[in-house]
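S.K.: So that you have it, the file is model06.cif, and it contains mmCIF, C-alpha atoms and all ligand atoms:
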data_coords
#
loop_
_atom_site.label_atom_id
_atom_site.label_comp_id
_atom_site.auth_asym_id
_atom_site.auth_seq_id
_atom_site.Cartn_x
_atom_site.Cartn_y
_atom_site.Cartn_z
CA MET A 234 -136.80 -80.84 0.69
CA LYS A 235 -134.64 -83.45 -1.02
CA ILE A 236 -132.42 -81.64 -3.49
CA GLY A 237 -129.87 -82.95 -6.01
CA ILE A 238 -127.03 -80.54 -6.82
CA THR A 239 -124.71 -80.81 -9.82
CA CYS A 240 -121.77 -78.50 -10.46
CA TYR A 241 -118.16 -78.46 -11.59
CA PRO A 242 -116.61 -79.69 -8.35
CA THR A 243 -113.12 -78.37 -9.00
CA TYR A 244 -111.64 -74.93 -8.40
CA GLY A 245 -114.01 -72.20 -9.62
CA GLY A 246 -116.68 -69.81 -8.44
CA SER A 247 -119.69 -71.78 -9.64
CA GLY A 248 -118.51 -74.92 -7.81
CA VAL A 249 -117.89 -72.87 -4.68
CA VAL A 250 -121.37 -71.33 -4.79
CA ALA A 251 -123.03 -74.72 -5.44
CA THR A 252 -121.13 -76.40 -2.62
CA GLU A 253 -121.69 -73.60 -0.11
CA LEU A 254 -125.37 -73.56 -1.07
CA GLY A 255 -125.62 -77.31 -0.41
CA ILE A 256 -123.87 -76.91 2.96
CA GLU A 257 -126.16 -74.03 3.97
CA LEU A 258 -129.32 -75.88 2.85
CA ALA A 259 -128.23 -79.03 4.71
CA ALA A 260 -127.67 -76.95 7.84
CA ARG A 261 -131.28 -75.75 7.49
CA GLY A 262 -132.53 -79.35 7.47
CA HIS A 263 -132.76 -80.14 3.76
CA GLU A 264 -131.41 -83.42 2.41
CA ILE A 265 -128.71 -82.65 -0.14
CA HIS A 266 -127.32 -85.01 -2.77
CA PHE A 267 -124.27 -83.85 -4.74
CA ILE A 268 -124.08 -85.62 -8.10
CA THR A 269 -120.67 -84.80 -9.58
CA TYR A 270 -117.60 -86.48 -11.09
CA SER A 271 -115.52 -85.89 -7.97
CA GLN A 272 -116.20 -84.66 -4.46
CA PRO A 273 -116.64 -80.85 -4.46
CA PHE A 274 -113.45 -79.39 -3.02
CA ARG A 275 -115.10 -77.51 -0.17
CA LEU A 276 -116.99 -80.60 1.08
CA ASN A 277 -115.32 -82.51 3.87
CA GLY A 278 -117.64 -85.54 3.89
CA ARG A 279 -118.61 -84.87 7.49
CA ASP A 280 -121.60 -82.57 7.05
CA ALA A 281 -124.93 -83.97 8.23
CA ASN A 282 -127.70 -84.23 5.59
CA ILE A 283 -125.23 -84.31 2.70
CA ARG A 284 -124.48 -87.27 0.46
CA TYR A 285 -122.08 -87.39 -2.43
CA HIS A 286 -122.77 -89.54 -5.51
CA GLU A 287 -119.89 -89.91 -7.93
CA VAL A 288 -120.61 -90.00 -11.64
CA PRO A 289 -118.54 -92.85 -13.09
CA VAL A 290 -117.46 -92.19 -16.67
CA SER A 291 -116.28 -95.32 -18.46
CA ASN A 292 -113.48 -94.87 -20.93
CA TYR A 293 -114.11 -97.53 -23.58
CA PRO A 294 -111.36 -97.33 -26.26
CA LEU A 295 -113.95 -96.50 -28.93
CA PHE A 296 -114.86 -93.30 -27.07
CA GLU A 297 -112.38 -90.68 -28.11
CA PHE A 298 -114.56 -88.34 -26.01
CA PRO A 299 -116.16 -90.22 -23.08
CA PRO A 300 -119.84 -89.18 -22.97
CA TYR A 301 -119.87 -87.56 -19.51
CA ASP A 302 -123.19 -85.81 -20.17
CA LEU A 303 -124.92 -89.19 -20.61
CA ALA A 304 -123.26 -90.77 -17.57
CA LEU A 305 -124.36 -87.71 -15.58
CA ALA A 306 -127.97 -87.93 -16.85
CA THR A 307 -128.07 -91.62 -15.93
CA ARG A 308 -126.74 -90.99 -12.41
CA MET A 309 -129.09 -88.03 -11.91
CA ALA A 310 -132.09 -90.21 -12.79
CA GLU A 311 -130.87 -93.08 -10.58
CA VAL A 312 -130.25 -90.89 -7.54
CA ALA A 313 -133.49 -88.96 -8.02
CA GLU A 314 -135.53 -92.17 -8.12
CA LEU A 315 -133.72 -93.96 -5.30
CA TYR A 316 -133.77 -91.02 -2.89
CA GLU A 317 -137.08 -89.55 -4.11
CA LEU A 318 -135.60 -86.14 -4.87
CA ASP A 319 -137.98 -83.18 -5.10
CA LEU A 320 -135.81 -81.36 -7.60
CA LEU A 321 -132.41 -81.04 -9.23
CA HIS A 322 -130.44 -77.82 -9.08
CA VAL A 323 -127.68 -77.61 -11.66
CA HIS A 324 -124.97 -74.96 -11.63
CA TYR A 325 -123.43 -73.87 -14.95
CA ALA A 326 -125.65 -74.46 -17.96
CA ILE A 327 -123.25 -76.54 -20.05
CA PRO A 328 -123.73 -79.51 -20.08
CA HIS A 329 -125.58 -79.81 -16.77
CA SER A 330 -128.95 -78.43 -17.87
CA VAL A 331 -129.04 -80.81 -20.83
CA SER A 332 -128.15 -83.81 -18.65
CA ALA A 333 -130.87 -82.77 -16.20
CA LEU A 334 -133.33 -82.46 -19.07
CA LEU A 335 -132.53 -86.03 -20.15
CA ALA A 336 -132.89 -87.29 -16.55
CA ARG A 337 -136.25 -85.53 -16.27
CA GLN A 338 -137.45 -87.18 -19.48
CA MET A 339 -136.16 -90.61 -18.48
CA LEU A 340 -138.12 -90.44 -15.23
CA ALA A 341 -141.21 -88.86 -16.82
CA SER A 342 -141.51 -91.87 -19.10
CA ARG A 343 -142.07 -93.88 -15.92
CA GLY A 344 -144.42 -91.37 -14.30
CA ILE A 345 -141.85 -89.83 -11.94
CA LYS A 346 -141.63 -86.05 -11.69
CA LEU A 347 -138.22 -84.36 -11.48
CA PRO A 348 -138.21 -80.61 -12.07
CA PHE A 349 -134.81 -78.95 -12.49
CA ILE A 350 -133.41 -75.48 -11.96
CA THR A 351 -130.41 -74.11 -13.84
CA THR A 352 -128.25 -71.42 -12.25
CA LEU A 353 -126.23 -69.35 -14.72
CA HIS A 354 -122.81 -68.29 -13.45
CA GLY A 355 -121.16 -66.35 -16.24
CA THR A 356 -118.70 -68.07 -18.50
CA ASP A 357 -121.39 -70.66 -19.30
CA ILE A 358 -123.14 -67.74 -21.04
CA THR A 359 -120.54 -65.12 -21.91
CA LEU A 360 -117.77 -67.38 -23.24
CA VAL A 361 -118.71 -71.03 -23.68
CA GLY A 362 -122.42 -70.63 -24.40
CA LEU A 363 -121.87 -68.16 -27.21
CA ASP A 364 -119.50 -70.52 -29.01
CA ARG A 365 -121.41 -71.64 -32.14
CA SER A 366 -120.95 -75.30 -31.22
CA TYR A 367 -122.82 -74.86 -27.94
CA LEU A 368 -125.14 -71.92 -28.60
CA ALA A 369 -128.30 -73.75 -29.67
CA ILE A 370 -128.02 -76.48 -27.04
CA THR A 371 -127.37 -73.92 -24.27
CA LYS A 372 -130.44 -71.92 -25.29
CA PHE A 373 -132.46 -75.14 -25.38
CA GLY A 374 -131.24 -76.25 -21.94
CA ILE A 375 -132.13 -72.87 -20.45
CA GLU A 376 -135.54 -72.72 -22.09
CA GLU A 377 -136.41 -76.26 -21.02
CA SER A 378 -135.40 -75.69 -17.36
CA ASP A 379 -138.30 -75.56 -14.92
CA GLY A 380 -136.59 -72.60 -13.29
CA VAL A 381 -133.59 -70.43 -14.14
CA THR A 382 -131.62 -68.24 -11.79
CA SER A 383 -128.77 -65.85 -12.46
CA ILE A 384 -126.13 -64.65 -10.00
CA SER A 385 -126.47 -61.02 -11.11
CA GLN A 386 -128.90 -58.73 -12.89
CA ASP A 387 -126.27 -58.04 -15.54
CA LEU A 388 -125.93 -61.74 -16.38
CA ALA A 389 -129.71 -62.17 -16.55
CA GLU A 390 -129.94 -59.30 -19.08
CA ARG A 391 -126.96 -60.57 -21.07
CA THR A 392 -128.53 -64.05 -21.25
CA ARG A 393 -131.86 -62.69 -22.45
CA GLU A 394 -130.16 -60.55 -25.11
CA SER A 395 -127.52 -63.01 -26.32
CA PHE A 396 -129.81 -66.03 -26.53
CA ALA A 397 -133.06 -64.20 -27.36
CA ILE A 398 -134.66 -65.83 -24.32
CA THR A 399 -137.95 -64.49 -23.06
CA LYS A 400 -138.28 -66.92 -20.16
CA HIS A 401 -138.24 -65.41 -16.65
CA ILE A 402 -134.80 -65.47 -15.04
CA GLU A 403 -134.83 -65.09 -11.27
CA VAL A 404 -131.91 -63.02 -10.01
CA ILE A 405 -130.49 -64.52 -6.82
CA ARG A 406 -127.10 -63.00 -6.18
CA ASN A 407 -124.12 -64.87 -4.77
CA PHE A 408 -123.69 -65.05 -1.04
CA VAL A 409 -121.04 -65.51 1.62
CA ASN A 410 -121.12 -67.08 5.06
CA CYS A 411 -120.38 -63.97 7.14
CA ASP A 412 -119.55 -66.05 10.23
CA LEU A 413 -116.86 -67.99 8.40
CA TYR A 414 -115.62 -65.10 6.29
CA HIS A 415 -114.66 -62.47 8.81
CA ARG A 416 -111.50 -60.97 10.26
CA ASP A 417 -110.37 -62.99 13.27
CA GLU A 418 -107.84 -60.59 14.83
CA GLU A 419 -106.15 -63.33 16.87
CA LEU A 420 -105.58 -65.49 13.80
CA VAL A 421 -104.43 -62.49 11.77
CA ALA A 422 -101.89 -61.55 14.47
CA LYS A 423 -100.56 -65.11 14.43
CA THR A 424 -100.46 -65.71 10.66
CA ARG A 425 -99.78 -62.33 9.00
CA PRO A 426 -96.09 -62.11 10.09
CA ARG A 427 -95.43 -65.12 7.82
CA PHE A 428 -96.16 -62.92 4.80
CA ALA A 429 -95.49 -59.29 5.77
CA ASP A 430 -94.04 -57.12 8.52
CA PRO A 431 -96.55 -55.01 10.47
CA SER A 432 -95.41 -51.89 8.57
CA GLU A 433 -95.92 -53.54 5.16
CA PRO A 434 -99.39 -53.36 3.55
CA LEU A 435 -100.54 -56.74 2.27
CA LEU A 436 -102.56 -57.10 -0.95
CA VAL A 437 -104.33 -60.19 -2.22
CA HIS A 438 -105.62 -61.69 -5.47
CA LEU A 439 -107.67 -64.89 -5.68
CA SER A 440 -108.64 -66.56 -8.95
CA ASN A 441 -108.21 -69.52 -11.28
CA PHE A 442 -105.48 -67.62 -13.20
CA ARG A 443 -107.38 -67.85 -16.49
CA PRO A 444 -106.80 -65.06 -19.08
CA VAL A 445 -110.21 -63.52 -18.18
CA LYS A 446 -108.81 -62.71 -14.70
CA ARG A 447 -105.93 -60.62 -16.15
CA VAL A 448 -103.42 -61.83 -13.58
CA LEU A 449 -100.66 -60.00 -15.47
CA ASP A 450 -102.47 -56.74 -14.68
CA VAL A 451 -102.41 -57.76 -11.01
CA VAL A 452 -98.62 -58.01 -11.20
CA GLU A 453 -98.33 -54.75 -13.19
CA VAL A 454 -100.49 -52.87 -10.67
CA PHE A 455 -98.70 -54.40 -7.72
CA ALA A 456 -95.23 -53.56 -9.12
CA ARG A 457 -96.26 -49.88 -9.46
CA ILE A 458 -97.65 -49.86 -5.91
CA ALA A 459 -94.50 -51.53 -4.55
CA ARG A 460 -92.35 -48.72 -6.01
CA GLU A 461 -94.08 -46.24 -3.66
CA VAL A 462 -95.23 -48.36 -0.70
CA PRO A 463 -93.34 -51.31 0.87
CA ALA A 464 -96.21 -53.67 0.04
CA ARG A 465 -96.44 -57.42 -0.45
CA ILE A 466 -99.09 -59.51 -2.18
CA LEU A 467 -100.62 -62.97 -1.80
CA LEU A 468 -101.60 -64.61 -5.09
CA ILE A 469 -104.00 -67.43 -4.26
CA GLY A 470 -104.98 -69.95 -6.93
CA ASP A 471 -103.43 -71.52 -9.97
CA GLY A 472 -104.10 -71.85 -13.67
CA PRO A 473 -102.83 -71.18 -17.18
CA ASP A 474 -101.41 -67.68 -16.54
CA ARG A 475 -99.47 -68.54 -13.40
CA SER A 476 -96.05 -69.01 -14.99
CA ALA A 477 -96.42 -65.84 -17.09
CA ALA A 478 -97.27 -63.97 -13.88
CA GLU A 479 -94.24 -65.44 -12.12
CA PHE A 480 -92.02 -64.43 -15.02
CA LEU A 481 -93.46 -60.90 -15.07
CA ALA A 482 -92.99 -60.48 -11.31
CA HIS A 483 -89.37 -61.47 -11.81
CA ARG A 484 -88.91 -59.08 -14.75
CA LEU A 485 -90.46 -56.18 -12.82
CA GLY A 486 -88.17 -56.87 -9.86
CA VAL A 487 -90.91 -57.67 -7.33
CA SER A 488 -90.73 -61.46 -7.14
CA ASP A 489 -89.42 -61.30 -3.56
CA ARG A 490 -92.57 -59.38 -2.56
CA VAL A 491 -95.05 -61.69 -4.30
CA HIS A 492 -96.19 -64.88 -2.55
CA PHE A 493 -97.57 -67.39 -5.06
CA LEU A 494 -99.55 -69.68 -2.77
CA GLY A 495 -101.21 -71.92 -5.37
CA LYS A 496 -104.63 -73.49 -4.69
CA GLN A 497 -105.61 -73.17 -1.06
CA GLU A 498 -108.41 -74.66 1.00
CA ASN A 499 -109.19 -72.17 3.78
CA VAL A 500 -109.19 -69.00 1.72
CA ASN A 501 -111.25 -67.25 4.42
CA GLU A 502 -108.20 -67.33 6.71
CA LEU A 503 -105.86 -66.01 4.03
CA LEU A 504 -108.13 -63.27 2.68
CA ALA A 505 -108.53 -61.83 6.17
CA LEU A 506 -104.78 -61.16 6.37
CA ALA A 507 -104.91 -58.59 3.59
CA ASP A 508 -105.58 -54.85 3.47
CA LEU A 509 -106.68 -54.65 -0.17
CA MET A 510 -107.76 -57.01 -2.97
CA LEU A 511 -106.95 -56.63 -6.68
CA MET A 512 -109.53 -58.01 -9.14
CA PRO A 513 -108.76 -56.44 -12.56
CA SER A 514 -110.82 -59.01 -14.54
CA GLN A 515 -111.81 -58.68 -18.18
CA MET A 516 -115.25 -59.94 -17.15
CA GLU A 517 -116.95 -61.00 -13.93
CA SER A 518 -120.61 -61.83 -13.86
CA PHE A 519 -120.48 -61.32 -10.13
CA GLY A 520 -116.98 -61.48 -8.59
CA LEU A 521 -117.39 -63.92 -5.71
CA ALA A 522 -113.72 -63.57 -4.71
CA ALA A 523 -114.30 -59.85 -4.04
CA LEU A 524 -117.37 -60.60 -1.94
CA GLU A 525 -115.45 -63.14 0.13
CA ALA A 526 -112.70 -60.56 0.68
CA MET A 527 -115.20 -57.82 1.54
CA ALA A 528 -116.78 -60.02 4.21
CA CYS A 529 -113.27 -60.20 5.74
CA ARG A 530 -113.02 -56.36 5.77
CA VAL A 531 -110.85 -56.32 2.64
CA PRO A 532 -112.12 -53.85 0.02
CA ALA A 533 -111.34 -54.51 -3.64
CA ILE A 534 -109.96 -52.50 -6.53
CA GLY A 535 -111.84 -54.01 -9.45
CA THR A 536 -113.02 -53.37 -12.98
CA ARG A 537 -116.37 -51.90 -14.05
CA VAL A 538 -117.56 -55.04 -15.85
CA GLY A 539 -120.52 -57.42 -15.75
CA GLY A 540 -122.13 -57.72 -12.34
CA VAL A 541 -119.24 -56.19 -10.38
CA PRO A 542 -120.95 -52.78 -9.94
CA GLU A 543 -123.84 -54.65 -8.26
CA LEU A 544 -121.35 -55.56 -5.54
CA ILE A 545 -118.64 -52.91 -5.52
CA ASP A 546 -119.88 -49.38 -5.16
CA ASP A 547 -117.02 -46.95 -5.63
CA GLY A 548 -119.05 -44.17 -4.14
CA SER A 549 -119.02 -42.17 -7.37
CA SER A 550 -122.75 -42.63 -7.88
CA PRO A 551 -124.96 -41.14 -5.14
CA SER A 552 -127.68 -43.62 -6.15
CA GLY A 553 -125.20 -46.52 -5.77
CA SER A 554 -126.21 -49.61 -3.84
CA ASN A 555 -124.19 -48.51 -0.83
CA GLY A 556 -125.74 -45.07 -0.49
CA GLY A 557 -122.74 -43.16 -1.82
CA VAL A 558 -120.23 -44.67 0.64
CA ALA A 559 -117.39 -46.37 -1.22
CA ASN A 560 -116.84 -50.02 -0.37
CA GLY A 561 -114.18 -50.43 -3.09
CA LEU A 562 -112.93 -48.80 -6.30
CA LEU A 563 -113.74 -49.49 -9.95
CA PHE A 564 -111.73 -48.85 -13.12
CA GLU A 565 -111.87 -49.60 -16.82
CA VAL A 566 -110.34 -52.91 -17.90
CA GLY A 567 -106.57 -52.55 -18.39
CA ASP A 568 -106.23 -49.23 -16.55
CA VAL A 569 -103.23 -50.42 -14.56
CA GLU A 570 -101.99 -46.86 -14.00
CA GLY A 571 -105.33 -45.78 -12.53
CA MET A 572 -105.60 -48.84 -10.31
CA ALA A 573 -102.02 -48.46 -9.09
CA ALA A 574 -102.43 -44.72 -8.33
CA ALA A 575 -105.65 -45.44 -6.42
CA GLY A 576 -104.00 -48.30 -4.54
CA ILE A 577 -101.06 -46.11 -3.50
CA ALA A 578 -103.35 -43.28 -2.37
CA LEU A 579 -105.52 -45.68 -0.38
CA LEU A 580 -102.64 -47.46 1.33
CA GLN A 581 -101.18 -44.08 2.29
CA ASP A 582 -104.48 -42.98 3.85
CA PRO A 583 -105.26 -45.52 6.63
CA GLU A 584 -108.37 -43.64 7.72
CA ARG A 585 -109.96 -43.86 4.25
CA LEU A 586 -108.88 -47.48 3.87
CA ASN A 587 -110.45 -48.32 7.22
CA ALA A 588 -113.73 -46.59 6.27
CA MET A 589 -113.78 -48.58 3.03
CA ALA A 590 -113.05 -51.82 4.88
CA THR A 591 -115.95 -51.13 7.24
CA ALA A 592 -118.26 -50.36 4.30
CA ALA A 593 -117.14 -53.54 2.53
CA ARG A 594 -117.98 -55.73 5.51
CA ARG A 595 -121.28 -53.86 5.96
CA THR A 596 -122.24 -54.51 2.32
CA ALA A 597 -121.45 -58.22 2.65
CA GLN A 598 -123.51 -58.48 5.82
CA ALA A 599 -126.43 -56.33 4.76
CA ARG A 600 -126.91 -57.62 1.21
CA PHE A 601 -125.02 -60.84 0.55
CA CYS A 602 -124.98 -62.86 3.75
CA ALA A 603 -125.97 -66.54 3.39
CA SER A 604 -128.72 -65.98 5.95
CA ARG A 605 -130.36 -63.48 3.55
CA ILE A 606 -129.83 -65.28 0.25
CA ILE A 607 -130.54 -68.95 1.14
CA PRO A 608 -134.22 -68.28 1.95
CA LEU A 609 -134.55 -66.79 -1.57
CA TYR A 610 -133.45 -70.14 -3.01
CA GLU A 611 -135.80 -72.05 -0.68
CA ASP A 612 -138.69 -69.87 -1.74
CA TYR A 613 -137.81 -70.30 -5.40
CA TYR A 614 -137.51 -74.10 -5.04
CA GLU A 615 -141.00 -74.25 -3.56
CA ARG A 616 -142.43 -72.15 -6.37
CA VAL A 617 -140.79 -74.34 -9.02
CA VAL A 618 -141.96 -77.57 -7.39
CA ARG A 619 -145.49 -76.16 -7.25
CA GLY A 620 -145.13 -75.38 -10.97
CA GLU A 621 -145.60 -71.62 -10.56
O1 LIG B 701 -114.56 -66.92 -13.43
C1 LIG B 701 -114.33 -68.09 -13.71
O2 LIG B 701 -113.43 -68.40 -14.51
C2 LIG B 701 -115.06 -69.19 -13.02
C3 LIG B 701 -116.54 -69.03 -13.16
C4 LIG B 701 -117.22 -70.32 -12.75
O3 LIG B 701 -118.22 -70.63 -13.36
O4 LIG B 701 -116.79 -71.01 -11.84
O5 LIG B 701 -116.96 -67.92 -12.36
C5 LIG B 701 -118.21 -67.34 -12.64
O6 LIG B 701 -119.07 -67.69 -11.56
C6 LIG B 701 -118.72 -67.10 -10.30
C7 LIG B 701 -119.68 -67.64 -9.25
O7 LIG B 701 -121.00 -67.35 -9.52
C8 LIG B 701 -118.78 -65.57 -10.42
O8 LIG B 701 -118.46 -64.98 -9.18
C9 LIG B 701 -117.76 -65.13 -11.48
O9 LIG B 701 -117.87 -63.73 -11.64
C10 LIG B 701 -118.07 -65.82 -12.81
N1 LIG B 701 -116.97 -65.55 -13.73
C11 LIG B 701 -117.12 -64.80 -14.84
O10 LIG B 701 -118.17 -64.29 -15.16
C12 LIG B 701 -115.89 -64.62 -15.66
#
Show the structure stored in the file as structure tokens.
M.R.:
Amino acid sequence: MKIGITCYPTYGGSGVVATELGIELAARGHEIHFITYSQPFRLNGRDANIRYHEVPVSNYPLFEFPPYDLALATRMAEVAELYELDLLHVHYAIPHSVSALLARQMLASRGIKLPFITTLHGTDITLVGLDRSYLAITKFGIEESDGVTSISQDLAERTRESFAITKHIEVIRNFVNCDLYHRDEELVAKTRPRFADPSEPLLVHLSNFRPVKRVLDVVEVFARIAREVPARILLIGDGPDRSAAEFLAHRLGVSDRVHFLGKQENVNELLALADLMLMPSQMESFGLAALEAMACRVPAIGTRVGGVPELIDDGSSPSGSNGGVANGLLFEVGDVEGMAAAGIALLQDPERLNAMATAARRTAQARFCASRIIPLYEDYYERVVRGE
């Protein structure tokens, strides 16, 4: 198929999912056209079957707010007509679904068909979409989509409830390339000494450092762990809460044990160095960072929010997705004492940590591998194009 993909190309889970999806689809022979304001950060421009179309946004002095949504709709329609796209797949509802809707209408007026699918990622629904200024237009964009997918069951239910939407939402969970995200022992042996001695457990956190990620809780939990275990931590990413986290690490006396790495490209290689991930988020509709870590045999201590329990099974429920075997641990938001105590106990029990690491990798492979999830998208695309 010929598929146009639009996403936020900068640092963030939805952009990562959209880009990885495009790469995987291209590898399976589809022709992929990214239509975005800058090249998605995980694209290297060398993949076969992938083209990148920049959306130019002119900044005429009269425009206090340059109308990106309109420039995007125009470029979507142009690319779709020129390359005879079968469909558009937009990631993150705002404003992409509305731009796609305009592109569809522009082409329909000339007898050209361009169905579009919207994939909901989380903050487009739980934070931004529920803002009064965007609520009605978000609902409209979702309802007008030819197909809607959600990256977790929880987000699908939340969307239906919050927006009073009755339309079918197909749940297609996030995925990870299990060949790329794995623990390469040789690479680990070479790189890990840069960050920790062999006797020092290494933790990791990966996010965009927005308040919803509760990076200060990461530092609080880590500082408590470091009092009992000679641990170190990699903090990958950057964003608004970075300096507060740096300050807190300093105040708690652990700044020499915390590596702030900033935004990094090959996170697969860094995640694999760690023994344990911390993801104490206020909300996660899925928690892609945890899945990427799990594929690298790094279990996560996370919070029981949103779609996280669909991924992390702390073994407390016998009917859990992992058959009662823990592949991580879950806590209430803000329970830094609980998370720290669990982290200390786990790091002091290598056998249990190893069992959890094995279960984490098994979960990623068995349920969230790209090879399992991509065919679900292909099947859904075909159904939408057929108008089913
Ligand atoms: O979490 C963010 O701030 C970024 C956001 C995004 O849209 O890029 O992430 C959302 O989408 C990810 C990919 O599907 C999910 O793994 C994250 O859980 C989700 N974030 C939230 O729901 C807060």
S.K.: What does the list of residues within 7 Å of ligand LIG 701 (chain B) look like if you count only C-alpha atoms and all ligand atoms, written as number ranges by chain?
M.R.: A: 245-248, 250, 325, 354-357, 384, 407, 441, 443, 445, 516-522
S.K.: Could you check the closest approach to Ala597 in chain A for each of A:Ala578, A:Ala306, A:Val569, A:Cys411 and tell me which residue wins, using only C-alpha atoms?
M.R.: A:Cys411
S.K.: List the spatial neighbours of Ser271 in chain A as a PyMOL selection string - criterion: any atom at most 8 Å away, all atoms listed in the file, same-chain residues fewer than 3 positions off excluded.
M.R.: chain A and resi 242-243+287-288
S.K.: List every protein, DNA or RNA residue that has at least one atom no more than 10 Å from (-109.2, -57.4, -16.7) in the file's coordinates, counting only C-alpha atoms, and write the result as a PDB file with C-alpha atoms, keeping the file's coordinate frame.
M.R.:
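Result saved to part-v6.pdb:
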ATOM      1  CA  PRO A 444    -106.800 -65.060 -19.080  1.00  0.00           C
ATOM      2  CA  VAL A 445    -110.210 -63.520 -18.180  1.00  0.00           C
ATOM      3  CA  LYS A 446    -108.810 -62.710 -14.700  1.00  0.00           C
ATOM      4  CA  ARG A 447    -105.930 -60.620 -16.150  1.00  0.00           C
ATOM      5  CA  VAL A 448    -103.420 -61.830 -13.580  1.00  0.00           C
ATOM      6  CA  LEU A 449    -100.660 -60.000 -15.470  1.00  0.00           C
ATOM      7  CA  ASP A 450    -102.470 -56.740 -14.680  1.00  0.00           C
ATOM      8  CA  VAL A 451    -102.410 -57.760 -11.010  1.00  0.00           C
ATOM      9  CA  MET A 512    -109.530 -58.010  -9.140  1.00  0.00           C
ATOM     10  CA  PRO A 513    -108.760 -56.440 -12.560  1.00  0.00           C
ATOM     11  CA  SER A 514    -110.820 -59.010 -14.540  1.00  0.00           C
ATOM     12  CA  GLN A 515    -111.810 -58.680 -18.180  1.00  0.00           C
ATOM     13  CA  MET A 516    -115.250 -59.940 -17.150  1.00  0.00           C
ATOM     14  CA  GLU A 517    -116.950 -61.000 -13.930  1.00  0.00           C
ATOM     15  CA  GLY A 535    -111.840 -54.010  -9.450  1.00  0.00           C
ATOM     16  CA  THR A 536    -113.020 -53.370 -12.980  1.00  0.00           C
ATOM     17  CA  ARG A 537    -116.370 -51.900 -14.050  1.00  0.00           C
ATOM     18  CA  VAL A 538    -117.560 -55.040 -15.850  1.00  0.00           C
ATOM     19  CA  PHE A 564    -111.730 -48.850 -13.120  1.00  0.00           C
ATOM     20  CA  GLU A 565    -111.870 -49.600 -16.820  1.00  0.00           C
ATOM     21  CA  VAL A 566    -110.340 -52.910 -17.900  1.00  0.00           C
ATOM     22  CA  GLY A 567    -106.570 -52.550 -18.390  1.00  0.00           C
ATOM     23  CA  ASP A 568    -106.230 -49.230 -16.550  1.00  0.00           C
ATOM     24  CA  VAL A 569    -103.230 -50.420 -14.560  1.00  0.00           C
TER      25      VAL A 569
END
S.K.: How would you write as a ChimeraX atom specification the residues that get within 8 Å of (-107.7, -62.9, 4.8) in the file's frame, counting all atoms listed in the file?
M.R.: /A:416,421,500-507,526,529,531
S.K.: At what distance in Å, to one decimal, does CA of Glu253 in chain A lie from CA of Leu334 in chain A?
M.R.: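 Interatomic distance, CA of Leu334 in chain A to CA of Glu253 in chain A: 23.9 Å.
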S.K.: Could you please determine the separation between CA of Phe274 in chain A and CA of Tyr610 in chain A in Å, to one decimal place?
M.R.: 22.0 Å
S.K.: Near Tyr270 in chain A, within 12 Å and counting only C-alpha atoms, which residues show up once chain neighbours fewer than 5 positions away are dropped, as a VMD selection string?
M.R.: chain A and resid 238 to 243 285 to 291 301 to 302 304 to 306 308 to 309 329
S.K.: Got a minute to add N, CA and C atoms to range 459-469 of chain A and dump it as a PDB file, in the frame of the given file?
M.R.:
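Saved the output as part32.pdb:
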ATOM      1  N   ALA A 459     -95.683 -51.180  -5.362  1.00  0.00           N
ATOM      2  CA  ALA A 459     -94.500 -51.530  -4.550  1.00  0.00           C
ATOM      3  C   ALA A 459     -93.349 -50.534  -4.730  1.00  0.00           C
ATOM      4  N   ARG A 460     -93.396 -49.738  -5.820  1.00  0.00           N
ATOM      5  CA  ARG A 460     -92.350 -48.720  -6.010  1.00  0.00           C
ATOM      6  C   ARG A 460     -92.528 -47.582  -4.994  1.00  0.00           C
ATOM      7  N   GLU A 461     -93.783 -47.378  -4.552  1.00  0.00           N
ATOM      8  CA  GLU A 461     -94.080 -46.240  -3.660  1.00  0.00           C
ATOM      9  C   GLU A 461     -94.326 -46.665  -2.221  1.00  0.00           C
ATOM     10  N   VAL A 462     -94.830 -47.882  -2.038  1.00  0.00           N
ATOM     11  CA  VAL A 462     -95.230 -48.360  -0.700  1.00  0.00           C
ATOM     12  C   VAL A 462     -94.560 -49.725  -0.508  1.00  0.00           C
ATOM     13  N   PRO A 463     -94.033 -50.021   0.686  1.00  0.00           N
ATOM     14  CA  PRO A 463     -93.340 -51.310   0.870  1.00  0.00           C
ATOM     15  C   PRO A 463     -94.341 -52.467   1.011  1.00  0.00           C
ATOM     16  N   ALA A 464     -95.122 -52.704  -0.045  1.00  0.00           N
ATOM     17  CA  ALA A 464     -96.210 -53.670   0.040  1.00  0.00           C
ATOM     18  C   ALA A 464     -95.764 -55.077  -0.357  1.00  0.00           C
ATOM     19  N   ARG A 465     -96.598 -56.031   0.007  1.00  0.00           N
ATOM     20  CA  ARG A 465     -96.440 -57.420  -0.450  1.00  0.00           C
ATOM     21  C   ARG A 465     -97.803 -57.902  -0.934  1.00  0.00           C
ATOM     22  N   ILE A 466     -97.800 -59.009  -1.674  1.00  0.00           N
ATOM     23  CA  ILE A 466     -99.090 -59.510  -2.180  1.00  0.00           C
ATOM     24  C   ILE A 466     -99.151 -61.036  -2.111  1.00  0.00           C
ATOM     25  N   LEU A 467    -100.345 -61.534  -1.767  1.00  0.00           N
ATOM     26  CA  LEU A 467    -100.620 -62.970  -1.800  1.00  0.00           C
ATOM     27  C   LEU A 467    -101.363 -63.266  -3.088  1.00  0.00           C
ATOM     28  N   LEU A 468    -100.866 -64.186  -3.890  1.00  0.00           N
ATOM     29  CA  LEU A 468    -101.600 -64.610  -5.090  1.00  0.00           C
ATOM     30  C   LEU A 468    -102.105 -66.020  -4.822  1.00  0.00           C
ATOM     31  N   ILE A 469    -103.414 -66.134  -4.624  1.00  0.00           N
ATOM     32  CA  ILE A 469    -104.000 -67.430  -4.260  1.00  0.00           C
ATOM     33  C   ILE A 469    -104.680 -68.021  -5.491  1.00  0.00           C
TER      34      ILE A 469
END
